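S.K.: Structure below; questions to follow.
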Amino acid sequence: MTMRVELVKRGGVAYCTVDVPEDGTVENLMRVVEATKRLGIARQRITDEKGQRVVVLEREKTLKHYGIKSGDQLFIKDLGTQLPFRMVYLIEYFGPLFIYPLFALRLIPWAYPGEKLYPLTITQQGAFFLWMLHYAKREVETVLVHEFGYLTMPVFNLFKNTAYYWGFACWIGWQVNYPVAHKLPAWHFCLGFTIFLTGLICNFICHMMLKALRTPGTAEWKMPRGFLFEYVTMPNYTMEILTWIGFAVLMNFPISVLCFICCATYQMTQWARERHAKYLKLFPDYPKHRKILFPFIY
C-alpha cells in the first residue's frame with residue numbers, strides 16, 4: 001500500500017507530489033524526491049508544520065512515527081551544496097599542521113623582519129611538539145574514531161571553519177615561535193607540558209567511551225556513564241579546554257593563545273548546553289547532579 005504526500009516550499013509554493021509506502025521511512029520519501037526532482041538527500045530538509053509546531057523529520061524514522069498519512073502536506077527546503085562532516089574536519093585540521101611549522105622551522109624568515117632568528121627555546125620546542133601531536137590526533141580521530149553517519153554541513157562552513165583554525169594557527173604560530181634569546185623558567189615547561197598531556201589523554205579516553213556507546217548502523221542514543229562523564233555532560237570539551245590552558249601556561253600566556261581559548265570555550269559551551277538539553281529530554285533518569293561543562297560549577 002502506498003500513500004500520496006505533497007511537498008511544498010516556504011510560502012506554500014508547490015514543489016512535488018510523490019507516492020511512498022505507508023510503512024516507509026523518511027529516507028524512502030527523500031529518495032523518491034531525489035529521483036523525481038534531482039535534489040540530493042543531503043540537501044533536503046523536510047518538516048511537518050501542523051499547528052504551531054515545526055518538526056524536522058529524521059531520515060531513519062518512519063512516516064507513521066510522525067503521524068503522516070495520505071494527503072498530508074510537508075514542507076521541504078533546499079539546504080544548498082553540502083559537504084560531509086569528515087571532509088570538512090580533515091581540511092580544517094590540516095591547516096594548523098601545515099601552517100605552524102612554517103614559523104617553528106623558520107621557513108618564512110620574513111615573518112620576523114629585523115629579528116635575529118634564534119633557535120627555538122626548550123619551551124618553544126615543547127610547544128611545537130604538543131601542537132603537532134594535538135592536531136595529528138584530531139586527524140586520526142576524524143578518520144578512525146568519530147562517526148558522522150550521513151551528517152553534512154553547508155559548503156560555507158568549510159570557509160568559516162578553515163578561517164578560524166587556519167587564522168589562529170597563523171597568529172599563534174607567529175607569536176609563540178617569535179625569536180627570543182632568553183628562556184622561560186623551567187616551571188612553565190614542566191607544568192604546561194603536564195597539563196596539556198593530561199587534557200589530551202583524558203579527551204581521547206572520553207572520545208573512545210563515546211565511540212563504544214554507538215551501535216554500528218543505528219542512530220540510537222545511549223547515556224554516557226563512568227570516568228569524567230559522572231561529573232559533566234561533555235568532558236571531552238572540558239579536557240579540550242584544559243589542553244589549551246596547558247599550552248598557555250607552557251608559553252607564558254600569549255595573547256593569541258588566550259584569545260583562542262576564549263573563542264573555543266564559548267563555542268564548546270554552546271554545543272555542551274545543546275547536548276545537555278538533549279540528554280535531559282531523552283533520558284528521564286539523567287543524573288541531576290551532572291553539570292554541563294565544568295564540574296561542580298556549570
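Lettering and numbering for the C-alpha cells are positional, with chains as A, B, ... in the shown order, residues counted from 1 in each chain, and ligands counted from 1 in the shown order.
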Run DSSP on the backbone of this structure and report the residues of range 80-214 of chain A it assigns to strand (DSSP E), as a ChimeraX atom specification.
M.R.: /A:82-84,152-154
S.K.: Identify, on the basis of only C-alpha atoms, every residue whose closest approach to Lys9 in chain A does not exceed 9 Å; exclude the query and any residue fewer than 2 positions from it along the same chain; express the result as a ChimeraX atom specification.
M.R.: /A:7,11-15,74-78
S.K.: Give me the residues near Asp72 in chain A as a list in words, where near means some atom within 10 Å (using only C-alpha atoms) and where sequence neighbours in that chain fewer than 2 positions away do not count.
M.R.: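 The neighbour list is Met3, Arg4, Val5, Glu6, Leu7, Asp48, Lys50, Gly67, Ile68, Lys69, Ser70 and Leu74 of chain A.
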S.K.: Export N, CA and C atoms of the chosen residues as a PDB file, in the first residue's frame?
M.R.:
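Listing of result-v2.pdb after writing:
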```pdb
ATOM      1  N   MET A   3       0.943   5.741  -0.069  1.00  0.00           N
ATOM      2  CA  MET A   3       0.191   6.953   0.245  1.00  0.00           C
ATOM      3  C   MET A   3       0.808   8.122  -0.510  1.00  0.00           C
ATOM      4  N   ARG A   4       0.013   9.118  -0.755  1.00  0.00           N
ATOM      5  CA  ARG A   4       0.458  10.282  -1.528  1.00  0.00           C
ATOM      6  C   ARG A   4       0.748  11.439  -0.578  1.00  0.00           C
ATOM      7  N   VAL A   5       1.943  12.006  -0.742  1.00  0.00           N
ATOM      8  CA  VAL A   5       2.376  13.111   0.107  1.00  0.00           C
ATOM      9  C   VAL A   5       2.727  14.302  -0.772  1.00  0.00           C
ATOM     10  N   GLU A   6       2.227  15.453  -0.392  1.00  0.00           N
ATOM     11  CA  GLU A   6       2.527  16.679  -1.134  1.00  0.00           C
ATOM     12  C   GLU A   6       3.625  17.445  -0.411  1.00  0.00           C
ATOM     13  N   LEU A   7       4.610  17.876  -1.173  1.00  0.00           N
ATOM     14  CA  LEU A   7       5.695  18.679  -0.604  1.00  0.00           C
ATOM     15  C   LEU A   7       5.616  20.087  -1.183  1.00  0.00           C
ATOM     16  N   ASP A  48       7.347  18.829   9.199  1.00  0.00           N
ATOM     17  CA  ASP A  48       5.897  18.743   9.356  1.00  0.00           C
ATOM     18  C   ASP A  48       5.492  19.929  10.230  1.00  0.00           C
ATOM     19  N   LYS A  50       2.275  21.091  11.339  1.00  0.00           N
ATOM     20  CA  LYS A  50       0.876  21.144  11.757  1.00  0.00           C
ATOM     21  C   LYS A  50       0.755  22.034  12.995  1.00  0.00           C
ATOM     22  N   GLY A  67       3.065  10.415  12.347  1.00  0.00           N
ATOM     23  CA  GLY A  67       1.636  10.543  12.101  1.00  0.00           C
ATOM     24  C   GLY A  67       1.299  11.024  10.703  1.00  0.00           C
ATOM     25  N   ILE A  68       2.226  10.818   9.762  1.00  0.00           N
ATOM     26  CA  ILE A  68       1.983  11.245   8.383  1.00  0.00           C
ATOM     27  C   ILE A  68       1.053  10.241   7.705  1.00  0.00           C
ATOM     28  N   LYS A  69       0.036  10.755   7.045  1.00  0.00           N
ATOM     29  CA  LYS A  69      -0.908   9.879   6.327  1.00  0.00           C
ATOM     30  C   LYS A  69      -1.138  10.423   4.930  1.00  0.00           C
ATOM     31  N   SER A  70      -1.798   9.626   4.095  1.00  0.00           N
ATOM     32  CA  SER A  70      -2.031  10.011   2.700  1.00  0.00           C
ATOM     33  C   SER A  70      -2.793  11.335   2.630  1.00  0.00           C
ATOM     34  N   LEU A  74       3.749  18.340   3.520  1.00  0.00           N
ATOM     35  CA  LEU A  74       5.002  18.552   4.227  1.00  0.00           C
ATOM     36  C   LEU A  74       5.771  19.687   3.556  1.00  0.00           C
TER      37      LEU A  74
END
```
S.K.: List the spatial neighbours of range 259-275 of chain A as a PyMOL selection string - criterion: any atom at most 10 Å away, only C-alpha atoms, same-chain residues fewer than 2 positions off excluded.
M.R.: chain A and resi 164-165+168-169+171-172+232-238+240-245+247-248+254-257+277-281+291-294+298
S.K.: With C-alpha atoms retained, write the just-selected residues as an mmCIF file, in the first residue's frame.
M.R.:
```
data_model
loop_
_atom_site.group_PDB
_atom_site.id
_atom_site.type_symbol
_atom_site.label_atom_id
_atom_site.label_comp_id
_atom_site.auth_asym_id
_atom_site.auth_seq_id
_atom_site.Cartn_x
_atom_site.Cartn_y
_atom_site.Cartn_z
ATOM 1 C CA TYR A 164 39.009 30.065 12.297
ATOM 2 C CA TYR A 165 41.547 27.237 12.558
ATOM 3 C CA PHE A 168 44.579 31.148 14.710
ATOM 4 C CA ALA A 169 47.347 28.818 13.500
ATOM 5 C CA TRP A 171 48.647 34.095 14.791
ATOM 6 C CA ILE A 172 49.660 31.558 17.417
ATOM 7 C CA VAL A 232 29.791 16.732 33.323
ATOM 8 C CA THR A 233 27.846 16.041 30.149
ATOM 9 C CA MET A 234 30.692 16.830 27.740
ATOM 10 C CA PRO A 235 34.011 16.100 29.495
ATOM 11 C CA ASN A 236 35.738 15.800 26.132
ATOM 12 C CA TYR A 237 35.164 19.539 25.728
ATOM 13 C CA THR A 238 36.294 20.176 29.307
ATOM 14 C CA GLU A 240 39.989 20.172 25.305
ATOM 15 C CA ILE A 241 39.865 23.460 27.195
ATOM 16 C CA LEU A 242 42.304 22.107 29.794
ATOM 17 C CA THR A 243 44.657 21.097 26.996
ATOM 18 C CA TRP A 244 44.913 24.656 25.710
ATOM 19 C CA ILE A 245 45.253 26.076 29.214
ATOM 20 C CA PHE A 247 49.624 25.306 26.196
ATOM 21 C CA ALA A 248 49.086 28.830 27.554
ATOM 22 C CA PRO A 254 50.497 34.685 24.970
ATOM 23 C CA ILE A 255 47.518 36.821 23.947
ATOM 24 C CA SER A 256 46.916 34.753 20.794
ATOM 25 C CA VAL A 257 46.502 31.544 22.808
ATOM 26 C CA ALA A 277 19.343 19.621 26.958
ATOM 27 C CA LYS A 278 19.073 16.682 24.537
ATOM 28 C CA TYR A 279 20.140 14.166 27.183
ATOM 29 C CA LEU A 280 17.643 15.585 29.680
ATOM 30 C CA LYS A 281 14.908 15.138 27.067
ATOM 31 C CA LYS A 291 26.903 19.640 35.205
ATOM 32 C CA ILE A 292 27.160 20.770 31.584
ATOM 33 C CA LEU A 293 30.861 21.521 31.107
ATOM 34 C CA PHE A 294 32.689 22.488 34.312
ATOM 35 C CA TYR A 298 28.294 24.806 35.319
#
```
S.K.: What's around Thr198 in chain A at 9 Å? Count only C-alpha atoms, leave out sequence neighbours fewer than 3 positions away in its own chain, and write the answer as a ChimeraX atom specification.
M.R.: /A:193-195,201-203,239,242-243,246
S.K.: When distances are computed from only C-alpha atoms, which of A:Leu158, A:Gly95, A:Ala212, A:Met251 shows the smallest separation from Val176 in chain A?
M.R.: A:Met251
S.K.: Could you please write out, as a VMD selection string, every residue of range 23-267 of chain A that DSSP assigns to helix (DSSP H, G or I)?
M.R.: chain A and resid 26 to 37 41 to 43 64 to 66 85 to 104 109 to 111 122 to 144 155 to 176 186 to 213 227 to 230 235 to 250 255 to 267
S.K.: Nearest residue to Thr25 in chain A out of A:Leu197, A:Val249, A:Leu57, A:Ile205, using only C-alpha atoms?
M.R.: A:Leu57
S.K.: What is the CA of Thr2 in chain A to CA of Asp19 in chain A distance in Å?
M.R.: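 CA of Thr2 in chain A sits 6.1 Å away from CA of Asp19 in chain A.
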S.K.: Set the distance at 10 Å and use only C-alpha atoms: which residues neighbour Val180 in chain A once local chain neighbours fewer than 3 positions away are removed? I'd like the list as a PDB file with all heavy atoms, in the first residue's frame.
M.R.:
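Wrote part15.pdb, looks like this:
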```
ATOM      1  N   GLU A 115      64.654  40.786  12.936  1.00  0.00           N
ATOM      2  CA  GLU A 115      64.961  39.991  14.120  1.00  0.00           C
ATOM      3  C   GLU A 115      66.020  38.935  13.814  1.00  0.00           C
ATOM      4  O   GLU A 115      66.019  38.344  12.733  1.00  0.00           O
ATOM      5  CB  GLU A 115      63.690  39.294  14.641  1.00  0.00           C
ATOM      6  CG  GLU A 115      62.587  40.230  15.084  1.00  0.00           C
ATOM      7  CD  GLU A 115      62.927  40.928  16.378  1.00  0.00           C
ATOM      8  OE1 GLU A 115      63.880  40.494  17.072  1.00  0.00           O
ATOM      9  OE2 GLU A 115      62.236  41.912  16.705  1.00  0.00           O
ATOM     10  N   LYS A 116      66.916  38.714  14.781  1.00  0.00           N
ATOM     11  CA  LYS A 116      67.861  37.613  14.658  1.00  0.00           C
ATOM     12  C   LYS A 116      67.118  36.306  14.899  1.00  0.00           C
ATOM     13  O   LYS A 116      66.404  36.162  15.886  1.00  0.00           O
ATOM     14  CB  LYS A 116      68.988  37.768  15.668  1.00  0.00           C
ATOM     15  CG  LYS A 116      70.045  36.671  15.556  1.00  0.00           C
ATOM     16  CD  LYS A 116      71.185  36.890  16.539  1.00  0.00           C
ATOM     17  CE  LYS A 116      72.228  35.780  16.427  1.00  0.00           C
ATOM     18  NZ  LYS A 116      73.351  35.966  17.391  1.00  0.00           N
ATOM     19  N   LEU A 117      67.240  35.362  14.002  1.00  0.00           N
ATOM     20  CA  LEU A 117      66.487  34.121  14.091  1.00  0.00           C
ATOM     21  C   LEU A 117      67.162  33.130  15.041  1.00  0.00           C
ATOM     22  O   LEU A 117      67.842  32.187  14.632  1.00  0.00           O
ATOM     23  CB  LEU A 117      66.315  33.503  12.698  1.00  0.00           C
ATOM     24  CG  LEU A 117      65.523  34.360  11.698  1.00  0.00           C
ATOM     25  CD1 LEU A 117      65.426  33.656  10.361  1.00  0.00           C
ATOM     26  CD2 LEU A 117      64.134  34.676  12.245  1.00  0.00           C
ATOM     27  N   TYR A 118      66.958  33.346  16.335  1.00  0.00           N
ATOM     28  CA  TYR A 118      67.498  32.441  17.343  1.00  0.00           C
ATOM     29  C   TYR A 118      66.856  31.054  17.197  1.00  0.00           C
ATOM     30  O   TYR A 118      65.705  30.937  16.760  1.00  0.00           O
ATOM     31  CB  TYR A 118      67.208  32.974  18.750  1.00  0.00           C
ATOM     32  CG  TYR A 118      67.909  34.263  19.083  1.00  0.00           C
ATOM     33  CD1 TYR A 118      67.214  35.470  19.063  1.00  0.00           C
ATOM     34  CD2 TYR A 118      69.256  34.271  19.439  1.00  0.00           C
ATOM     35  CE1 TYR A 118      67.843  36.659  19.380  1.00  0.00           C
ATOM     36  CE2 TYR A 118      69.900  35.465  19.759  1.00  0.00           C
ATOM     37  CZ  TYR A 118      69.190  36.650  19.723  1.00  0.00           C
ATOM     38  OH  TYR A 118      69.821  37.829  20.028  1.00  0.00           O
ATOM     39  N   PRO A 119      67.576  30.010  17.585  1.00  0.00           N
ATOM     40  CA  PRO A 119      66.953  28.674  17.610  1.00  0.00           C
ATOM     41  C   PRO A 119      65.789  28.668  18.605  1.00  0.00           C
ATOM     42  O   PRO A 119      65.744  29.471  19.530  1.00  0.00           O
ATOM     43  CB  PRO A 119      68.087  27.758  18.089  1.00  0.00           C
ATOM     44  CG  PRO A 119      69.348  28.525  17.812  1.00  0.00           C
ATOM     45  CD  PRO A 119      68.994  29.970  17.981  1.00  0.00           C
ATOM     46  N   LEU A 120      64.868  27.751  18.418  1.00  0.00           N
ATOM     47  CA  LEU A 120      63.749  27.649  19.339  1.00  0.00           C
ATOM     48  C   LEU A 120      64.238  27.325  20.748  1.00  0.00           C
ATOM     49  O   LEU A 120      65.159  26.526  20.932  1.00  0.00           O
ATOM     50  CB  LEU A 120      62.788  26.542  18.889  1.00  0.00           C
ATOM     51  CG  LEU A 120      62.058  26.711  17.549  1.00  0.00           C
ATOM     52  CD1 LEU A 120      61.110  25.540  17.328  1.00  0.00           C
ATOM     53  CD2 LEU A 120      61.299  28.026  17.493  1.00  0.00           C
ATOM     54  N   THR A 121      63.619  27.963  21.746  1.00  0.00           N
ATOM     55  CA  THR A 121      63.925  27.628  23.137  1.00  0.00           C
ATOM     56  C   THR A 121      63.300  26.263  23.462  1.00  0.00           C
ATOM     57  O   THR A 121      62.513  25.727  22.683  1.00  0.00           O
ATOM     58  CB  THR A 121      63.355  28.690  24.087  1.00  0.00           C
ATOM     59  OG1 THR A 121      61.920  28.670  23.990  1.00  0.00           O
ATOM     60  CG2 THR A 121      63.862  30.078  23.721  1.00  0.00           C
ATOM     61  N   GLN A 124      59.588  26.526  23.420  1.00  0.00           N
ATOM     62  CA  GLN A 124      59.082  26.626  22.042  1.00  0.00           C
ATOM     63  C   GLN A 124      59.131  25.263  21.351  1.00  0.00           C
ATOM     64  O   GLN A 124      58.223  24.913  20.597  1.00  0.00           O
ATOM     65  CB  GLN A 124      59.880  27.662  21.256  1.00  0.00           C
ATOM     66  CG  GLN A 124      59.590  29.101  21.658  1.00  0.00           C
ATOM     67  CD  GLN A 124      60.476  30.097  20.942  1.00  0.00           C
ATOM     68  OE1 GLN A 124      61.660  29.835  20.671  1.00  0.00           O
ATOM     69  NE2 GLN A 124      59.920  31.260  20.618  1.00  0.00           N
ATOM     70  N   ASN A 177      56.396  31.304  18.337  1.00  0.00           N
ATOM     71  CA  ASN A 177      57.731  30.997  17.819  1.00  0.00           C
ATOM     72  C   ASN A 177      58.575  32.248  17.548  1.00  0.00           C
ATOM     73  O   ASN A 177      59.593  32.173  16.859  1.00  0.00           O
ATOM     74  CB  ASN A 177      57.597  30.177  16.529  1.00  0.00           C
ATOM     75  CG  ASN A 177      56.994  28.809  16.782  1.00  0.00           C
ATOM     76  OD1 ASN A 177      57.603  27.953  17.407  1.00  0.00           O
ATOM     77  ND2 ASN A 177      55.765  28.612  16.312  1.00  0.00           N
ATOM     78  N   LYS A 183      65.215  32.321  27.960  1.00  0.00           N
ATOM     79  CA  LYS A 183      64.352  31.164  28.179  1.00  0.00           C
ATOM     80  C   LYS A 183      63.386  31.438  29.322  1.00  0.00           C
ATOM     81  O   LYS A 183      63.700  32.180  30.255  1.00  0.00           O
ATOM     82  CB  LYS A 183      65.195  29.924  28.510  1.00  0.00           C
ATOM     83  CG  LYS A 183      66.167  29.520  27.414  1.00  0.00           C
ATOM     84  CD  LYS A 183      66.979  28.310  27.829  1.00  0.00           C
ATOM     85  CE  LYS A 183      67.962  27.898  26.738  1.00  0.00           C
ATOM     86  NZ  LYS A 183      68.776  26.722  27.144  1.00  0.00           N
TER      87      LYS A 183
END
```
S.K.: Taking 5 positions as the minimum chain separation for residues in the same chain, which residues sit within 12 Å of Thr215 in chain A when counting only C-alpha atoms? Answer as an NGL selection string.
M.R.: :A and (147 or 149 or 210 or 220-222)
S.K.: Write out, as a PDB file, in the first residue's frame, the residues just selected, with all heavy atoms.
M.R.:
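Result file follows (selection_17.pdb):
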```pdb
ATOM      1  N   GLU A 147      32.194   9.020  14.377  1.00  0.00           N
ATOM      2  CA  GLU A 147      31.220   8.548  13.400  1.00  0.00           C
ATOM      3  C   GLU A 147      30.285   9.706  13.048  1.00  0.00           C
ATOM      4  O   GLU A 147      29.676  10.301  13.929  1.00  0.00           O
ATOM      5  CB  GLU A 147      30.404   7.382  13.976  1.00  0.00           C
ATOM      6  CG  GLU A 147      31.206   6.108  14.188  1.00  0.00           C
ATOM      7  CD  GLU A 147      31.608   5.444  12.881  1.00  0.00           C
ATOM      8  OE1 GLU A 147      30.985   5.763  11.854  1.00  0.00           O
ATOM      9  OE2 GLU A 147      32.535   4.617  12.907  1.00  0.00           O
ATOM     10  N   GLY A 149      28.049   9.418  10.214  1.00  0.00           N
ATOM     11  CA  GLY A 149      26.880   8.927   9.502  1.00  0.00           C
ATOM     12  C   GLY A 149      26.632   9.728   8.238  1.00  0.00           C
ATOM     13  O   GLY A 149      27.534   9.962   7.442  1.00  0.00           O
ATOM     14  N   LEU A 210      32.698   7.419  24.095  1.00  0.00           N
ATOM     15  CA  LEU A 210      31.542   7.786  23.275  1.00  0.00           C
ATOM     16  C   LEU A 210      31.423   6.858  22.066  1.00  0.00           C
ATOM     17  O   LEU A 210      30.328   6.476  21.670  1.00  0.00           O
ATOM     18  CB  LEU A 210      31.666   9.243  22.825  1.00  0.00           C
ATOM     19  CG  LEU A 210      31.470  10.304  23.910  1.00  0.00           C
ATOM     20  CD1 LEU A 210      31.811  11.692  23.361  1.00  0.00           C
ATOM     21  CD2 LEU A 210      30.042  10.282  24.447  1.00  0.00           C
ATOM     22  N   GLU A 220      20.807   5.133  17.482  1.00  0.00           N
ATOM     23  CA  GLU A 220      20.368   5.031  18.874  1.00  0.00           C
ATOM     24  C   GLU A 220      21.254   5.881  19.785  1.00  0.00           C
ATOM     25  O   GLU A 220      22.473   5.922  19.639  1.00  0.00           O
ATOM     26  CB  GLU A 220      20.427   3.565  19.321  1.00  0.00           C
ATOM     27  CG  GLU A 220      20.011   3.337  20.754  1.00  0.00           C
ATOM     28  CD  GLU A 220      20.207   1.893  21.178  1.00  0.00           C
ATOM     29  OE1 GLU A 220      20.785   1.122  20.384  1.00  0.00           O
ATOM     30  OE2 GLU A 220      19.782   1.548  22.291  1.00  0.00           O
ATOM     31  N   TRP A 221      20.621   6.566  20.733  1.00  0.00           N
ATOM     32  CA  TRP A 221      21.338   7.364  21.721  1.00  0.00           C
ATOM     33  C   TRP A 221      21.419   6.589  23.032  1.00  0.00           C
ATOM     34  O   TRP A 221      20.443   6.007  23.485  1.00  0.00           O
ATOM     35  CB  TRP A 221      20.621   8.692  21.962  1.00  0.00           C
ATOM     36  CG  TRP A 221      20.766   9.675  20.842  1.00  0.00           C
ATOM     37  CD1 TRP A 221      20.020   9.723  19.698  1.00  0.00           C
ATOM     38  CD2 TRP A 221      21.707  10.734  20.751  1.00  0.00           C
ATOM     39  NE1 TRP A 221      20.435  10.767  18.899  1.00  0.00           N
ATOM     40  CE2 TRP A 221      21.469  11.405  19.525  1.00  0.00           C
ATOM     41  CE3 TRP A 221      22.721  11.210  21.581  1.00  0.00           C
ATOM     42  CZ2 TRP A 221      22.219  12.506  19.110  1.00  0.00           C
ATOM     43  CZ3 TRP A 221      23.464  12.302  21.171  1.00  0.00           C
ATOM     44  CH2 TRP A 221      23.220  12.934  19.956  1.00  0.00           C
ATOM     45  N   LYS A 222      22.608   6.584  23.636  1.00  0.00           N
ATOM     46  CA  LYS A 222      22.802   5.934  24.922  1.00  0.00           C
ATOM     47  C   LYS A 222      23.430   6.925  25.891  1.00  0.00           C
ATOM     48  O   LYS A 222      24.188   7.806  25.495  1.00  0.00           O
ATOM     49  CB  LYS A 222      23.702   4.705  24.778  1.00  0.00           C
ATOM     50  CG  LYS A 222      23.137   3.609  23.880  1.00  0.00           C
ATOM     51  CD  LYS A 222      24.108   2.448  23.768  1.00  0.00           C
ATOM     52  CE  LYS A 222      23.585   1.373  22.826  1.00  0.00           C
ATOM     53  NZ  LYS A 222      24.554   0.261  22.669  1.00  0.00           N
TER      54      LYS A 222
END
```
S.K.: For Trp131 in chain A, which residue among A:Met87, A:Val18, A:Tyr100, A:Ala111 is the nearest when counting only C-alpha atoms?
M.R.: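 Among the listed residues, A:Tyr100 lies closest to Trp131 in chain A.
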S.K.: Quick one: pull the distance between CA of Leu79 in chain A and CA of Arg45 in chain A, Å, one decimal.
M.R.: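 Going from CA of Leu79 in chain A over to CA of Arg45 in chain A covers 6.8 Å.
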S.K.: To one decimal place, how far is CA of Arg138 in chain A from CA of Tyr93 in chain A in Å?
M.R.: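 Separation between CA of Arg138 in chain A and CA of Tyr93 in chain A: 7.1 Å.
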S.K.: Have a look at A:Cys16, A:His188, A:Tyr178, A:Trp166 and name the one nearest to Trp110 in chain A; count only C-alpha atoms.
M.R.: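 Checking each of A:Cys16, A:His188, A:Tyr178, A:Trp166 against Trp110 in chain A, counting only C-alpha atoms, the winner is A:Tyr178.
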